[in-house]
Amino acid sequence: MDANNSSSTKRKYENPMPVTDEGWWESVLAEERQYAPPARPMLATVKAKPIPQAKAEPVPAVPVVQTDWNVVKELYAHDRIIELKVTGHNRGGLLVETEGLSGFIPFSHLIELAGKEQDLDRDVSLETYIGKTLKVKVIECVPEEGRVVFSERAALAEPGKRAELFNQLQAGAHIKGIVTNITDFGVFVDLGGVEGLIHISELSWGRVVHPNQIVKLGEDITVQVLDISAERCRVALSLKRVRPNPWERASTDFPVGTLHNAVITSVMSYGAFARIEAGVEGLIHASEMVLEPNRTPRDLLFEGQELQVRILHLDATHQRMGLSLLLD
């Protein structure tokens, strides 16, 4: 671990750390929670197979597993590995249980499916897990909400590793990790026994369409620790904050009226975005292009195209830049 706490970590170009409150955590984990099973106070339910509505037969009651919260808390506190049987699934992940325990494993925390969310039929992939027994760890335990979240990926680390690493982690430190999963909302990074999350907004100083444009599965990266919540097994990370913020010098490097080489990053009906350098993109509005009648920017430009642009206007504070293809 490279916990740069020396004066070198406070170099001029480094940026103040954002405030990550519970609302921030809720937003970055929204995808995980979207399909999670509804919680019951002090109980966890197991999803039964759907009953065809056309039948007039009585619908059998959904079996309820009484959760022993003392056991759950002990498993979490000691970072222990347990085995649970998969009993069902929804689009968000797997429903698992054993005697006295039941809970949810998010899709992004399954080892074999990591990084494959865009390539697989979720329902088909998750169905293959039914009846299997998985080794997992408790990564979230909220008795007052009746919620237990497990992770198969977390169980790859030896028992007790989480507590050891949480004692070493410090907000602001730079640490090396390995990308273990890439989702629509961000990137999971293994820090050596604990997984941290880089929200999509913390991947680059520029616009990010999807996290897989920035990092690759299995890639070694250096990140900055933003926030630590040992109680809920969460570590917020940033990739962009280990690098200088190019917008801080944008007014000097890109004066209004100057010409620069650029690369088209995306094309819309109303215009196109172009990257001038890593982290700095601007919008070329359709009115700043030479378009033939009944033509759109998509008829003129394509992603990856290299061209010259003129700086029309710049708002470095809000990281916005207007560009033009009319160079004269």
# chains A, B, ... in the order shown; residues from 1 in each chain; ligands from 1

call {"tool": "residues_around", "arguments": {"residues": "Phe254 (chain A)", "least_positions_apart": "4", "cutoff": "12 Å", "atoms": "only C-alpha atoms", "output": "PDB file with N, CA, C and O atoms, in the first residue's frame"}}
result
ATOM      1  N   PRO A 246      -7.010  18.803 -15.169  1.00  0.00           N
ATOM      2  CA  PRO A 246      -6.621  19.640 -16.312  1.00  0.00           C
ATOM      3  C   PRO A 246      -7.460  20.908 -16.449  1.00  0.00           C
ATOM      4  O   PRO A 246      -7.028  21.865 -17.083  1.00  0.00           O
ATOM      5  N   TRP A 247      -8.639  20.932 -15.833  1.00  0.00           N
ATOM      6  CA  TRP A 247      -9.489  22.120 -15.941  1.00  0.00           C
ATOM      7  C   TRP A 247      -8.929  23.288 -15.139  1.00  0.00           C
ATOM      8  O   TRP A 247      -9.289  24.441 -15.383  1.00  0.00           O
ATOM      9  N   GLU A 248      -8.054  23.006 -14.185  1.00  0.00           N
ATOM     10  CA  GLU A 248      -7.492  24.084 -13.372  1.00  0.00           C
ATOM     11  C   GLU A 248      -6.566  24.989 -14.189  1.00  0.00           C
ATOM     12  O   GLU A 248      -6.317  26.132 -13.813  1.00  0.00           O
ATOM     13  N   ARG A 249      -6.034  24.454 -15.276  1.00  0.00           N
ATOM     14  CA  ARG A 249      -5.163  25.266 -16.127  1.00  0.00           C
ATOM     15  C   ARG A 249      -5.756  25.465 -17.519  1.00  0.00           C
ATOM     16  O   ARG A 249      -5.084  25.898 -18.443  1.00  0.00           O
ATOM     17  N   ALA A 250      -7.042  25.151 -17.657  1.00  0.00           N
ATOM     18  CA  ALA A 250      -7.692  25.221 -18.973  1.00  0.00           C
ATOM     19  C   ALA A 250      -7.689  26.633 -19.546  1.00  0.00           C
ATOM     20  O   ALA A 250      -7.480  26.827 -20.748  1.00  0.00           O
ATOM     21  N   THR A 258      -8.355  30.190 -29.820  1.00  0.00           N
ATOM     22  CA  THR A 258      -7.210  29.399 -30.283  1.00  0.00           C
ATOM     23  C   THR A 258      -7.670  28.100 -30.938  1.00  0.00           C
ATOM     24  O   THR A 258      -8.763  27.601 -30.667  1.00  0.00           O
ATOM     25  N   LEU A 259      -6.799  27.569 -31.801  1.00  0.00           N
ATOM     26  CA  LEU A 259      -7.091  26.314 -32.508  1.00  0.00           C
ATOM     27  C   LEU A 259      -6.349  25.158 -31.850  1.00  0.00           C
ATOM     28  O   LEU A 259      -5.212  25.305 -31.403  1.00  0.00           O
ATOM     29  N   HIS A 260      -7.009  23.981 -31.802  1.00  0.00           N
ATOM     30  CA  HIS A 260      -6.407  22.806 -31.173  1.00  0.00           C
ATOM     31  C   HIS A 260      -6.830  21.542 -31.909  1.00  0.00           C
ATOM     32  O   HIS A 260      -7.923  21.476 -32.495  1.00  0.00           O
ATOM     33  N   ASN A 261      -5.959  20.544 -31.869  1.00  0.00           N
ATOM     34  CA  ASN A 261      -6.311  19.229 -32.389  1.00  0.00           C
ATOM     35  C   ASN A 261      -7.266  18.567 -31.402  1.00  0.00           C
ATOM     36  O   ASN A 261      -7.128  18.717 -30.179  1.00  0.00           O
ATOM     37  N   ILE A 276      -9.962  17.342 -26.280  1.00  0.00           N
ATOM     38  CA  ILE A 276      -8.753  18.080 -26.638  1.00  0.00           C
ATOM     39  C   ILE A 276      -7.528  17.457 -25.970  1.00  0.00           C
ATOM     40  O   ILE A 276      -6.461  17.351 -26.569  1.00  0.00           O
ATOM     41  N   GLU A 277      -7.702  17.044 -24.718  1.00  0.00           N
ATOM     42  CA  GLU A 277      -6.675  16.268 -24.027  1.00  0.00           C
ATOM     43  C   GLU A 277      -7.390  15.424 -22.985  1.00  0.00           C
ATOM     44  O   GLU A 277      -8.589  15.595 -22.749  1.00  0.00           O
ATOM     45  N   VAL A 280     -10.436  16.639 -20.780  1.00  0.00           N
ATOM     46  CA  VAL A 280     -10.980  17.914 -21.260  1.00  0.00           C
ATOM     47  C   VAL A 280     -11.735  17.690 -22.565  1.00  0.00           C
ATOM     48  O   VAL A 280     -11.143  17.366 -23.591  1.00  0.00           O
ATOM     49  N   GLU A 281     -13.049  17.847 -22.495  1.00  0.00           N
ATOM     50  CA  GLU A 281     -13.897  17.707 -23.667  1.00  0.00           C
ATOM     51  C   GLU A 281     -14.774  18.933 -23.820  1.00  0.00           C
ATOM     52  O   GLU A 281     -15.087  19.622 -22.835  1.00  0.00           O
ATOM     53  N   GLY A 282     -15.163  19.208 -25.040  1.00  0.00           N
ATOM     54  CA  GLY A 282     -16.071  20.314 -25.308  1.00  0.00           C
ATOM     55  C   GLY A 282     -17.144  19.896 -26.279  1.00  0.00           C
ATOM     56  O   GLY A 282     -17.049  18.847 -26.927  1.00  0.00           O
ATOM     57  N   VAL A 309     -10.291  22.147 -33.985  1.00  0.00           N
ATOM     58  CA  VAL A 309     -11.428  22.904 -33.474  1.00  0.00           C
ATOM     59  C   VAL A 309     -10.953  24.257 -32.967  1.00  0.00           C
ATOM     60  O   VAL A 309      -9.778  24.459 -32.660  1.00  0.00           O
ATOM     61  N   ARG A 310     -11.905  25.181 -32.871  1.00  0.00           N
ATOM     62  CA  ARG A 310     -11.618  26.493 -32.307  1.00  0.00           C
ATOM     63  C   ARG A 310     -12.363  26.648 -30.990  1.00  0.00           C
ATOM     64  O   ARG A 310     -13.525  26.227 -30.872  1.00  0.00           O
ATOM     65  N   ILE A 311     -11.696  27.187 -29.971  1.00  0.00           N
ATOM     66  CA  ILE A 311     -12.321  27.397 -28.671  1.00  0.00           C
ATOM     67  C   ILE A 311     -13.281  28.577 -28.764  1.00  0.00           C
ATOM     68  O   ILE A 311     -12.869  29.705 -29.050  1.00  0.00           O
ATOM     69  N   LEU A 312     -14.569  28.327 -28.534  1.00  0.00           N
ATOM     70  CA  LEU A 312     -15.583  29.376 -28.590  1.00  0.00           C
ATOM     71  C   LEU A 312     -15.753  30.065 -27.241  1.00  0.00           C
ATOM     72  O   LEU A 312     -15.758  31.278 -27.133  1.00  0.00           O
ATOM     73  N   HIS A 313     -15.936  29.254 -26.212  1.00  0.00           N
ATOM     74  CA  HIS A 313     -16.077  29.792 -24.863  1.00  0.00           C
ATOM     75  C   HIS A 313     -15.638  28.734 -23.856  1.00  0.00           C
ATOM     76  O   HIS A 313     -15.597  27.538 -24.161  1.00  0.00           O
ATOM     77  N   LEU A 314     -15.319  29.174 -22.646  1.00  0.00           N
ATOM     78  CA  LEU A 314     -14.772  28.282 -21.636  1.00  0.00           C
ATOM     79  C   LEU A 314     -15.307  28.648 -20.261  1.00  0.00           C
ATOM     80  O   LEU A 314     -15.271  29.806 -19.853  1.00  0.00           O
ATOM     81  N   ASP A 315     -15.810  27.646 -19.544  1.00  0.00           N
ATOM     82  CA  ASP A 315     -16.226  27.802 -18.154  1.00  0.00           C
ATOM     83  C   ASP A 315     -15.508  26.717 -17.357  1.00  0.00           C
ATOM     84  O   ASP A 315     -16.048  25.631 -17.133  1.00  0.00           O
ATOM     85  N   ALA A 316     -14.273  27.023 -16.938  1.00  0.00           N
ATOM     86  CA  ALA A 316     -13.440  26.026 -16.269  1.00  0.00           C
ATOM     87  C   ALA A 316     -14.035  25.590 -14.942  1.00  0.00           C
ATOM     88  O   ALA A 316     -13.898  24.424 -14.546  1.00  0.00           O
ATOM     89  N   MET A 321     -16.983  23.577 -22.078  1.00  0.00           N
ATOM     90  CA  MET A 321     -16.257  24.236 -23.154  1.00  0.00           C
ATOM     91  C   MET A 321     -17.055  24.148 -24.445  1.00  0.00           C
ATOM     92  O   MET A 321     -17.619  23.095 -24.775  1.00  0.00           O
ATOM     93  N   GLY A 322     -17.148  25.268 -25.152  1.00  0.00           N
ATOM     94  CA  GLY A 322     -17.813  25.287 -26.453  1.00  0.00           C
ATOM     95  C   GLY A 322     -16.781  25.312 -27.555  1.00  0.00           C
ATOM     96  O   GLY A 322     -15.805  26.071 -27.485  1.00  0.00           O
ATOM     97  N   LEU A 323     -16.978  24.492 -28.588  1.00  0.00           N
ATOM     98  CA  LEU A 323     -16.022  24.382 -29.679  1.00  0.00           C
ATOM     99  C   LEU A 323     -16.705  24.663 -31.014  1.00  0.00           C
ATOM    100  O   LEU A 323     -17.938  24.621 -31.114  1.00  0.00           O
TER     101      LEU A 323
END

call {"tool": "select_by_dssp", "arguments": {"residues": "region 86-295 of chain A", "states": "strand (DSSP E or B)", "output": "PyMOL selection string"}}
result
chain A and resi 86-90+93-98+101-106+133-142+147-151+174-182+186-190+195-199+220-229+234-238+259-267+271-277+280-285

call {"tool": "residues_around", "arguments": {"residues": "region 151-163 of chain A", "least_positions_apart": "2", "cutoff": "8 Å", "atoms": "only C-alpha atoms", "output": "list of chain:residue names"}}
result
A:His78, A:Asp79, A:Arg80, A:Ile81, A:Ile105, A:Pro106, A:His109, A:Leu110, A:Ile111, A:Leu134, A:Lys135, A:Val136, A:Lys137, A:Val138, A:Ile139, A:Val149, A:Leu165, A:Phe166, A:Asn167, A:Gly192, A:Gly193, A:Val194, A:Glu195

call {"tool": "select_by_dssp", "arguments": {"residues": "region 62-203 of chain A", "states": "helix (DSSP H, G or I)", "output": "MDAnalysis selection string"}}
result
chainID A and resid 69:77 107:109 122:127 143:145 154:156 161:168 200:202

call {"tool": "atom_distance", "arguments": {"atom1": "CA of Ala278 (chain A)", "atom2": "CA of Gly206 (chain A)"}}
result
7.2 Å

call {"tool": "closest_residue", "arguments": {"among": "A:Ser102, A:Ile198, A:Ser324, A:Val290", "to": "Gln308 (chain A)", "atoms": "only C-alpha atoms"}}
result
A:Ser324

call {"tool": "closest_residue", "arguments": {"among": "A:Ser269, A:Asn90, A:Ser287, A:Ser238", "to": "Ser204 (chain A)", "atoms": "only C-alpha atoms"}}
result
A:Ser238

call {"tool": "decode", "arguments": {"residues": "region 238-255 of chain A", "atoms": "N, CA, C and O atoms", "output": "PDB file, in the first residue's frame"}}
result
ATOM      1  N   SER A 238     -11.316   6.981  -5.697  1.00  0.00           N
ATOM      2  CA  SER A 238     -11.281   7.874  -6.860  1.00  0.00           C
ATOM      3  C   SER A 238     -10.064   7.547  -7.703  1.00  0.00           C
ATOM      4  O   SER A 238      -8.969   7.328  -7.174  1.00  0.00           O
ATOM      5  N   LEU A 239     -10.262   7.498  -8.999  1.00  0.00           N
ATOM      6  CA  LEU A 239      -9.152   7.327  -9.932  1.00  0.00           C
ATOM      7  C   LEU A 239      -8.680   8.677 -10.437  1.00  0.00           C
ATOM      8  O   LEU A 239      -7.480   8.917 -10.592  1.00  0.00           O
ATOM      9  N   LYS A 240      -9.604   9.587 -10.658  1.00  0.00           N
ATOM     10  CA  LYS A 240      -9.231  10.862 -11.264  1.00  0.00           C
ATOM     11  C   LYS A 240      -8.401  11.726 -10.314  1.00  0.00           C
ATOM     12  O   LYS A 240      -7.584  12.546 -10.756  1.00  0.00           O
ATOM     13  N   ARG A 241      -8.568  11.558  -9.000  1.00  0.00           N
ATOM     14  CA  ARG A 241      -7.902  12.447  -8.051  1.00  0.00           C
ATOM     15  C   ARG A 241      -6.435  12.105  -7.791  1.00  0.00           C
ATOM     16  O   ARG A 241      -5.761  12.795  -7.027  1.00  0.00           O
ATOM     17  N   VAL A 242      -5.941  11.031  -8.409  1.00  0.00           N
ATOM     18  CA  VAL A 242      -4.505  10.759  -8.326  1.00  0.00           C
ATOM     19  C   VAL A 242      -3.763  11.483  -9.450  1.00  0.00           C
ATOM     20  O   VAL A 242      -2.543  11.412  -9.549  1.00  0.00           O
ATOM     21  N   ARG A 243      -4.531  12.166 -10.293  1.00  0.00           N
ATOM     22  CA  ARG A 243      -3.950  12.901 -11.421  1.00  0.00           C
ATOM     23  C   ARG A 243      -4.316  14.381 -11.292  1.00  0.00           C
ATOM     24  O   ARG A 243      -5.318  14.726 -10.663  1.00  0.00           O
ATOM     25  N   PRO A 244      -3.533  15.251 -11.915  1.00  0.00           N
ATOM     26  CA  PRO A 244      -3.878  16.686 -11.897  1.00  0.00           C
ATOM     27  C   PRO A 244      -5.216  16.927 -12.593  1.00  0.00           C
ATOM     28  O   PRO A 244      -5.576  16.216 -13.533  1.00  0.00           O
ATOM     29  N   ASN A 245      -5.945  17.918 -12.125  1.00  0.00           N
ATOM     30  CA  ASN A 245      -7.195  18.315 -12.768  1.00  0.00           C
ATOM     31  C   ASN A 245      -6.868  19.253 -13.918  1.00  0.00           C
ATOM     32  O   ASN A 245      -6.482  20.405 -13.700  1.00  0.00           O
ATOM     33  N   PRO A 246      -7.010  18.803 -15.169  1.00  0.00           N
ATOM     34  CA  PRO A 246      -6.621  19.640 -16.312  1.00  0.00           C
ATOM     35  C   PRO A 246      -7.460  20.908 -16.449  1.00  0.00           C
ATOM     36  O   PRO A 246      -7.028  21.865 -17.083  1.00  0.00           O
ATOM     37  N   TRP A 247      -8.639  20.932 -15.833  1.00  0.00           N
ATOM     38  CA  TRP A 247      -9.489  22.120 -15.941  1.00  0.00           C
ATOM     39  C   TRP A 247      -8.929  23.288 -15.139  1.00  0.00           C
ATOM     40  O   TRP A 247      -9.289  24.441 -15.383  1.00  0.00           O
ATOM     41  N   GLU A 248      -8.054  23.006 -14.185  1.00  0.00           N
ATOM     42  CA  GLU A 248      -7.492  24.084 -13.372  1.00  0.00           C
ATOM     43  C   GLU A 248      -6.566  24.989 -14.189  1.00  0.00           C
ATOM     44  O   GLU A 248      -6.317  26.132 -13.813  1.00  0.00           O
ATOM     45  N   ARG A 249      -6.034  24.454 -15.276  1.00  0.00           N
ATOM     46  CA  ARG A 249      -5.163  25.266 -16.127  1.00  0.00           C
ATOM     47  C   ARG A 249      -5.756  25.465 -17.519  1.00  0.00           C
ATOM     48  O   ARG A 249      -5.084  25.898 -18.443  1.00  0.00           O
ATOM     49  N   ALA A 250      -7.042  25.151 -17.657  1.00  0.00           N
ATOM     50  CA  ALA A 250      -7.692  25.221 -18.973  1.00  0.00           C
ATOM     51  C   ALA A 250      -7.689  26.633 -19.546  1.00  0.00           C
ATOM     52  O   ALA A 250      -7.480  26.827 -20.748  1.00  0.00           O
ATOM     53  N   SER A 251      -7.917  27.643 -18.703  1.00  0.00           N
ATOM     54  CA  SER A 251      -7.973  29.018 -19.207  1.00  0.00           C
ATOM     55  C   SER A 251      -6.629  29.467 -19.761  1.00  0.00           C
ATOM     56  O   SER A 251      -6.568  30.313 -20.662  1.00  0.00           O
ATOM     57  N   THR A 252      -5.541  28.880 -19.229  1.00  0.00           N
ATOM     58  CA  THR A 252      -4.204  29.205 -19.727  1.00  0.00           C
ATOM     59  C   THR A 252      -3.857  28.398 -20.969  1.00  0.00           C
ATOM     60  O   THR A 252      -3.302  28.919 -21.942  1.00  0.00           O
ATOM     61  N   ASP A 253      -4.208  27.098 -20.936  1.00  0.00           N
ATOM     62  CA  ASP A 253      -3.847  26.200 -22.035  1.00  0.00           C
ATOM     63  C   ASP A 253      -4.770  26.338 -23.248  1.00  0.00           C
ATOM     64  O   ASP A 253      -4.355  26.053 -24.380  1.00  0.00           O
ATOM     65  N   PHE A 254      -6.012  26.744 -23.024  1.00  0.00           N
ATOM     66  CA  PHE A 254      -6.993  26.783 -24.114  1.00  0.00           C
ATOM     67  C   PHE A 254      -7.715  28.136 -24.165  1.00  0.00           C
ATOM     68  O   PHE A 254      -8.926  28.210 -23.933  1.00  0.00           O
ATOM     69  N   PRO A 255      -7.001  29.203 -24.486  1.00  0.00           N
ATOM     70  CA  PRO A 255      -7.646  30.526 -24.562  1.00  0.00           C
ATOM     71  C   PRO A 255      -8.718  30.560 -25.647  1.00  0.00           C
ATOM     72  O   PRO A 255      -8.621  29.864 -26.667  1.00  0.00           O
TER      73      PRO A 255
END
